[in-house]
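The next block holds one structure in the form of structure tokens; read it before the comments.
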Amino acid sequence: MARAEKRWDFTKIPNPRWQSVARELTAAWLAPHHELVLALPRARRKPRHPRTCASRLFYLTAWLNWLTDRGITTLAAVTQRECDAFLSDYGEILDASGQVVRHKRARSLVTVVSVMKDIADYGDLLTADGYQKGFVPWPGRTAGKVTGAPVRPSNTTPPLPEEVLRPLLAACLYMTGTIGPHVVALRDMVARDRQHTAGLPRRLPSGDLRQAFEAMLASDYTGPGQPLPELPGGIVTRRLRHYGWAEGDRLLRVSLAPPAHRIGLQPLTGGTLPNVRDLIEDAAAAVGVAPAFGRDAVPVTRADGDGRPVPRTLPVRAWQADTLADITKAACLLTVAAFTGMRASELLELLPGCRMPPEETPSGLARYRLAGKVVKGRRWGGERDEWVVIEPVYRAIGLAEQLAAGTPARSLFSWFSSTRFRSERYEALRGWVNSPAGERLGLAPVPDYPVIIRALRRTLSLEMATRPGGILAAKVALKHISVTTTEGYAARPGGAQAVFHAEWKADEARENLRLTVEAFRQFQQGQLPAGPGAARLAEAFRSVEEALTGHDPGTARTTATDRQVELLLKAKAETLHQGAANYCWFDDPGQALCLKLAGVSTAKTPLAGMCDSARCPQATHHQRHRPVWASAAETTAAMLASPRVPPGEKQRLRRDHDRALRIIEAIDKAGPAGPEEN
């Protein structure tokens, strides 16, 4: 919270009685369970956050001071006319001359109306003044209806387009997994170079200085062939403009501080430089100049799988190393947000040491957990919580801890603010990925599109709901994230991961209903399902058709609305489980082939890893699944034609190939092909 939000100045209200009204209202907002507040029938039952109270006090002050400016000294004199007049005046934005420029949005005025109504709702609690008995501004109408603000849907945040999400997360995972350790080492090298040198002497005896410089240049620069450190362009310009350096000076671009530090001396000055100028000029002519850091970068594999090893970074200057560290911090933040669904407030509560020790399972796998806090919807200060995460997230948090080492920041992402992140950190990250540096490392460019944390949470929820068998980006399986999210939900049913789990399941239910309606519409158009479960699904669809058309031959046939179809198909949609190459209508666990193969008698969900949709009586294939089977057929055909595949493996591949061809043939025979979907 900003300091201004914690300091509530009631003296901005000149009327002393109304100062008391404001104090009592804010106390009631903060303590709704107080016995005096509980006695009020229209009072809010949930405590408001102090930040919200500060905002409402601002609007309350504006309302009361507007009344004072019009000579009204008691709230008992307020009528609906004054309420309408204030709302009209407050909703106008004026220029310097007092002319109306535009009107405020309806949604921005909702709190204003709500505060005006609160004086009536909490009237029996107010001791100094109040509205006339029985008066309520805009009676029987909510604040939203008064202002005309549209009803906000449950979630208006749009997901990120795939053409933005895929290259962005691929870059973040590459930075946190491959480039990150080098960035930490580079940052530490710069920090050591910047260590305080006030204790170093300013000069040495002339002979000692020349002898020390000659030995240092030979051992550190000319001997191993290392260029002298190069100055940034800004300092070069400063030398030319303010310090009298000549354009053709052979030391114009040479940084003189690092060589001096190597012999335990402060930077060379006008009194000491002439003694060793010729030595430095000869060294510069022999080995040249280049940025001082990152010269011996370890080669890494390119992100695009090219196979060519490239240096992790080209030589950089100190400020470029700082920028690279900031970009890596942004990559850590995006990685954690994208693969956990954490809110911004939850990311800000991740402290150094939040990584809990990995829990080894009997199968040799590990479970990774983060300890933090949940703020939204909880008591002030938040409540402790844990998140089960995948290994890339755990690794990104470890990298963020290393980057935060040595700083006074309490939170790993204390630098984060939504506005500055979008305008500074994210744009710096995107600019680096799209620069020659990112291209050299094989990173795909990221399109210009606004990226916010809420959008990452929404995207993850929809990706898991609509693409359960797909890949989110850069080899991170959605199935792994789904498992960890479900595990976190089961371990802490009231935690933040449970809230995200519920959002994901709600999105999944909506997507399953949409796909069921889509399959039904295709059935009506003559495009039948294929697969062992096709007959049962067609029977269910025919029963829905009968319910829609009725049995009265004298009644004219009407077209059913989508809402009617959804209501009739809702029960069927609840049994749908999406697969990468089939639909599983899991309405009878006793007939599920996957459960029989696993030796499980009952289960609430199918075992996707053991699915054999060509034999399961609850599986169906549709036109949208045809490209998957066609790709499988092409792949197995190519492997069968390869002489390098052993004969025993070819027998298995031939069975898979024949099965894929049979399924493709069945899909084609089932009905006319609709629009191809991916």
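If you're wondering about the labels, chains in the structure tokens are A, B, ... by order shown, residues count from 1 in each chain, ligands from 1 in order shown.
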For Arg422 in chain A: contacts at 10 Å, only C-alpha atoms, fewer than 5 positions along chain excluded, given as a list in words = Phe416, Ser417, Glu427, Ala428, Pro450, Val451, Ile452 and Ile453 of chain A
Excluding range 105-112 of chain A and its own-chain neighbours fewer than 2 positions away, which residues fall within 7 Å of it when counting only C-alpha atoms? Please give them as a PDB file with N, CA and C atoms, in the first residue's frame.
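Below you can see part_13.pdb, which holds the result:
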```
ATOM      1  N   TYR A  59     -14.083   9.614  -2.030  1.00  0.00           N
ATOM      2  CA  TYR A  59     -15.359   9.959  -2.663  1.00  0.00           C
ATOM      3  C   TYR A  59     -16.326  10.568  -1.647  1.00  0.00           C
ATOM      4  N   HIS A 103     -17.371  12.962 -20.383  1.00  0.00           N
ATOM      5  CA  HIS A 103     -17.994  12.416 -19.185  1.00  0.00           C
ATOM      6  C   HIS A 103     -17.249  11.159 -18.744  1.00  0.00           C
ATOM      7  N   SER A 114     -22.359   4.316  -4.380  1.00  0.00           N
ATOM      8  CA  SER A 114     -22.372   3.403  -3.237  1.00  0.00           C
ATOM      9  C   SER A 114     -22.049   4.125  -1.940  1.00  0.00           C
ATOM     10  N   VAL A 115     -21.087   5.043  -1.961  1.00  0.00           N
ATOM     11  CA  VAL A 115     -20.734   5.806  -0.759  1.00  0.00           C
ATOM     12  C   VAL A 115     -21.890   6.701  -0.328  1.00  0.00           C
ATOM     13  N   MET A 116     -22.565   7.322  -1.280  1.00  0.00           N
ATOM     14  CA  MET A 116     -23.717   8.174  -0.948  1.00  0.00           C
ATOM     15  C   MET A 116     -24.831   7.345  -0.316  1.00  0.00           C
ATOM     16  N   ALA A 143     -26.191   0.619  -7.200  1.00  0.00           N
ATOM     17  CA  ALA A 143     -25.290   1.643  -7.722  1.00  0.00           C
ATOM     18  C   ALA A 143     -25.006   1.412  -9.202  1.00  0.00           C
ATOM     19  N   GLY A 144     -24.900   0.164  -9.615  1.00  0.00           N
ATOM     20  CA  GLY A 144     -24.661  -0.125 -11.017  1.00  0.00           C
ATOM     21  C   GLY A 144     -25.818   0.297 -11.902  1.00  0.00           C
ATOM     22  N   THR A 147     -25.890   4.237 -12.303  1.00  0.00           N
ATOM     23  CA  THR A 147     -24.904   4.789 -13.232  1.00  0.00           C
ATOM     24  C   THR A 147     -25.016   4.202 -14.632  1.00  0.00           C
ATOM     25  N   GLY A 148     -25.748   3.106 -14.766  1.00  0.00           N
ATOM     26  CA  GLY A 148     -25.843   2.460 -16.067  1.00  0.00           C
ATOM     27  C   GLY A 148     -24.642   1.612 -16.410  1.00  0.00           C
ATOM     28  N   ALA A 149     -23.846   1.261 -15.392  1.00  0.00           N
ATOM     29  CA  ALA A 149     -22.663   0.433 -15.641  1.00  0.00           C
ATOM     30  C   ALA A 149     -23.095  -0.965 -16.045  1.00  0.00           C
TER      31      ALA A 149
END
```
**Report entry** Residue neighbourhood Tyr368 in chain A, 8 Å, only C-alpha atoms, exclusion window fewer than 2 positions, as a list in words
**Finding:**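 Once the adjacent positions are removed, what remains is Arg355, Met356, Pro357, Pro358, Glu359, Ala366, Leu370, Val388, Val389, Ile390, Glu391 and Tyr394 of chain A.
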- Message: For Gln527 in chain A, find every residue with an atom within 12 Å (counting only C-alpha atoms), except residues of its own chain fewer than 5 positions away, and show them as number ranges by chain.
- Response: A: 518-522, 534, 538, 621-624, 666-675
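Between CA of Val393 in chain A and CA of Val336 in chain A there is a distance of 5.3 Å.
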Just give me the gap between CA of Pro47 in chain A and CA of Leu126 in chain A in Å, one decimal is fine.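 One can read the CA of Pro47 in chain A to CA of Leu126 in chain A distance as 18.2 Å.
Here CA of Leu350 in chain A is placed at a distance of 20.5 Å from CA of Arg458 in chain A.
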Open item on the list: Please list as a ChimeraX atom specification every residue within 8 Å of range 441-449 of chain A, counting only C-alpha atoms and excluding residues in the same chain fewer than 4 positions away.
Closed with: /A:163-164,167-168,170-171,301-306,310,312,430,433-434,437
Restricting it to C-alpha atoms, dump the selection as a PDB file, in the first residue's frame.
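And here's again_22.pdb as it stands now:
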```
ATOM      1  CA  GLU A 163       1.408 -16.593 -31.477  1.00  0.00           C
ATOM      2  CA  VAL A 164       2.444 -14.417 -28.503  1.00  0.00           C
ATOM      3  CA  PRO A 167       7.635 -17.589 -28.322  1.00  0.00           C
ATOM      4  CA  LEU A 168       7.389 -15.652 -25.055  1.00  0.00           C
ATOM      5  CA  ALA A 170       9.942 -20.482 -24.948  1.00  0.00           C
ATOM      6  CA  ALA A 171      12.256 -17.501 -24.404  1.00  0.00           C
ATOM      7  CA  THR A 301      22.903 -25.020 -27.550  1.00  0.00           C
ATOM      8  CA  ARG A 302      20.598 -22.707 -29.478  1.00  0.00           C
ATOM      9  CA  ALA A 303      16.956 -22.523 -28.437  1.00  0.00           C
ATOM     10  CA  ASP A 304      15.692 -23.587 -31.870  1.00  0.00           C
ATOM     11  CA  GLY A 305      17.499 -26.946 -31.705  1.00  0.00           C
ATOM     12  CA  ASP A 306      19.892 -25.998 -34.484  1.00  0.00           C
ATOM     13  CA  VAL A 310      27.067 -20.454 -29.591  1.00  0.00           C
ATOM     14  CA  ARG A 312      25.949 -17.532 -24.105  1.00  0.00           C
ATOM     15  CA  ARG A 430      10.730  -8.499 -25.603  1.00  0.00           C
ATOM     16  CA  VAL A 433      14.435 -11.475 -27.519  1.00  0.00           C
ATOM     17  CA  ASN A 434      13.740  -9.651 -30.799  1.00  0.00           C
ATOM     18  CA  ALA A 437      21.249 -11.224 -29.331  1.00  0.00           C
TER      19      ALA A 437
END
```
Q) Which one of A:Trp138, A:Tyr426, A:Phe586, A:Phe86 sits closest to Leu537 in chain A if you count only C-alpha atoms? A)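 Using only C-alpha atoms, Leu537 in chain A sits closest to A:Phe586.
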Min atom-atom distance to Leu165 in chain A from the set A:Arg102, A:Thr335, A:Leu209, A:Thr79, counting only C-alpha atoms, belongs to A:Thr335
Hey, which of A:Ala218, A:Cys616, A:Ala297, A:Met175 ends up closest to Pro589 in chain A? Count only C-alpha atoms.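 Between A:Ala218, A:Cys616, A:Ala297, A:Met175, the residue approaching Pro589 in chain A most closely is A:Cys616.
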Counting only C-alpha atoms, the residue among A:Asp562, A:Thr272, A:Gly98, A:Ala330 that lies closest to Trp432 in chain A is A:Ala330
Do a neighbour search on range 11-22 of chain A at 10 Å with only C-alpha atoms, toss out local chain neighbours closer than 2 positions, and write the hits as a compact mmCIF listing (two decimals) with N, CA and C atoms, in the first residue's frame.
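That gives us selection35.txt:
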```txt
# COMPACT_ATOMS: atom_id res chain seq x y z
N TRP A 8 -5.37 8.59 6.62
CA TRP A 8 -6.71 9.09 6.32
C TRP A 8 -6.88 10.45 6.98
N ASP A 9 -6.99 11.47 6.17
CA ASP A 9 -7.08 12.84 6.67
C ASP A 9 -8.54 13.29 6.65
N GLU A 24 -16.97 7.41 11.58
CA GLU A 24 -17.85 6.29 11.95
C GLU A 24 -18.10 5.35 10.77
N LEU A 25 -18.22 5.93 9.58
CA LEU A 25 -18.43 5.09 8.40
C LEU A 25 -17.20 4.22 8.10
N THR A 26 -16.02 4.81 8.14
CA THR A 26 -14.82 4.02 7.86
C THR A 26 -14.62 2.93 8.91
N ALA A 27 -14.94 3.23 10.17
CA ALA A 27 -14.84 2.20 11.21
C ALA A 27 -15.81 1.06 10.94
N ALA A 28 -17.01 1.40 10.47
CA ALA A 28 -18.01 0.37 10.16
C ALA A 28 -17.58 -0.47 8.96
N ARG A 56 -12.86 4.97 -0.72
CA ARG A 56 -14.23 5.38 -0.43
C ARG A 56 -14.24 6.68 0.38
N LEU A 57 -13.26 6.87 1.25
CA LEU A 57 -13.18 8.12 2.00
C LEU A 57 -12.93 9.30 1.06
N PHE A 58 -12.17 9.07 0.00
CA PHE A 58 -11.93 10.12 -0.99
C PHE A 58 -13.24 10.56 -1.63
N LEU A 60 -16.30 10.07 -0.41
CA LEU A 60 -17.16 10.63 0.63
C LEU A 60 -16.80 12.08 0.90
N THR A 61 -15.48 12.37 0.94
CA THR A 61 -15.04 13.76 1.15
C THR A 61 -15.52 14.65 0.01
N ALA A 62 -15.45 14.17 -1.21
CA ALA A 62 -15.92 14.96 -2.35
C ALA A 62 -17.41 15.26 -2.24
N TRP A 63 -18.21 14.29 -1.82
CA TRP A 63 -19.66 14.46 -1.68
C TRP A 63 -19.99 15.47 -0.58
N LEU A 64 -19.37 15.32 0.58
CA LEU A 64 -19.67 16.21 1.69
C LEU A 64 -19.19 17.63 1.42
N ASN A 65 -18.03 17.78 0.79
CA ASN A 65 -17.54 19.12 0.48
C ASN A 65 -18.36 19.78 -0.62
N THR A 68 -21.16 21.31 1.23
CA THR A 68 -20.71 22.51 1.94
C THR A 68 -20.60 23.69 0.99
N THR A 73 -25.58 22.54 5.42
CA THR A 73 -24.80 22.28 6.64
C THR A 73 -25.25 21.05 7.40
N THR A 74 -26.34 20.43 6.98
CA THR A 74 -26.81 19.21 7.65
C THR A 74 -27.26 18.20 6.60
N LEU A 75 -26.97 16.97 6.85
CA LEU A 75 -27.35 15.91 5.92
C LEU A 75 -28.86 15.71 5.87
N ILE A 119 -24.41 6.29 3.66
CA ILE A 119 -24.86 7.19 4.74
C ILE A 119 -26.26 6.82 5.19
N TYR A 122 -26.05 3.00 6.88
CA TYR A 122 -25.45 3.01 8.21
C TYR A 122 -26.00 4.15 9.07
N GLY A 123 -27.18 4.67 8.69
CA GLY A 123 -27.72 5.85 9.36
C GLY A 123 -27.94 5.66 10.85
N LEU A 125 -26.25 4.09 12.88
CA LEU A 125 -24.98 4.04 13.59
C LEU A 125 -24.36 5.43 13.76
N LEU A 126 -24.74 6.38 12.90
CA LEU A 126 -24.12 7.70 12.90
C LEU A 126 -24.68 8.54 14.04
N THR A 127 -23.79 9.15 14.79
CA THR A 127 -24.21 9.89 15.99
C THR A 127 -24.25 11.39 15.78
N ALA A 128 -23.49 11.93 14.81
CA ALA A 128 -23.39 13.38 14.66
C ALA A 128 -24.40 13.94 13.66
N ASP A 129 -24.69 13.23 12.61
CA ASP A 129 -25.59 13.72 11.57
C ASP A 129 -25.99 12.56 10.69
N GLY A 130 -27.00 12.75 9.86
CA GLY A 130 -27.46 11.72 8.95
C GLY A 130 -28.56 12.22 8.07
```
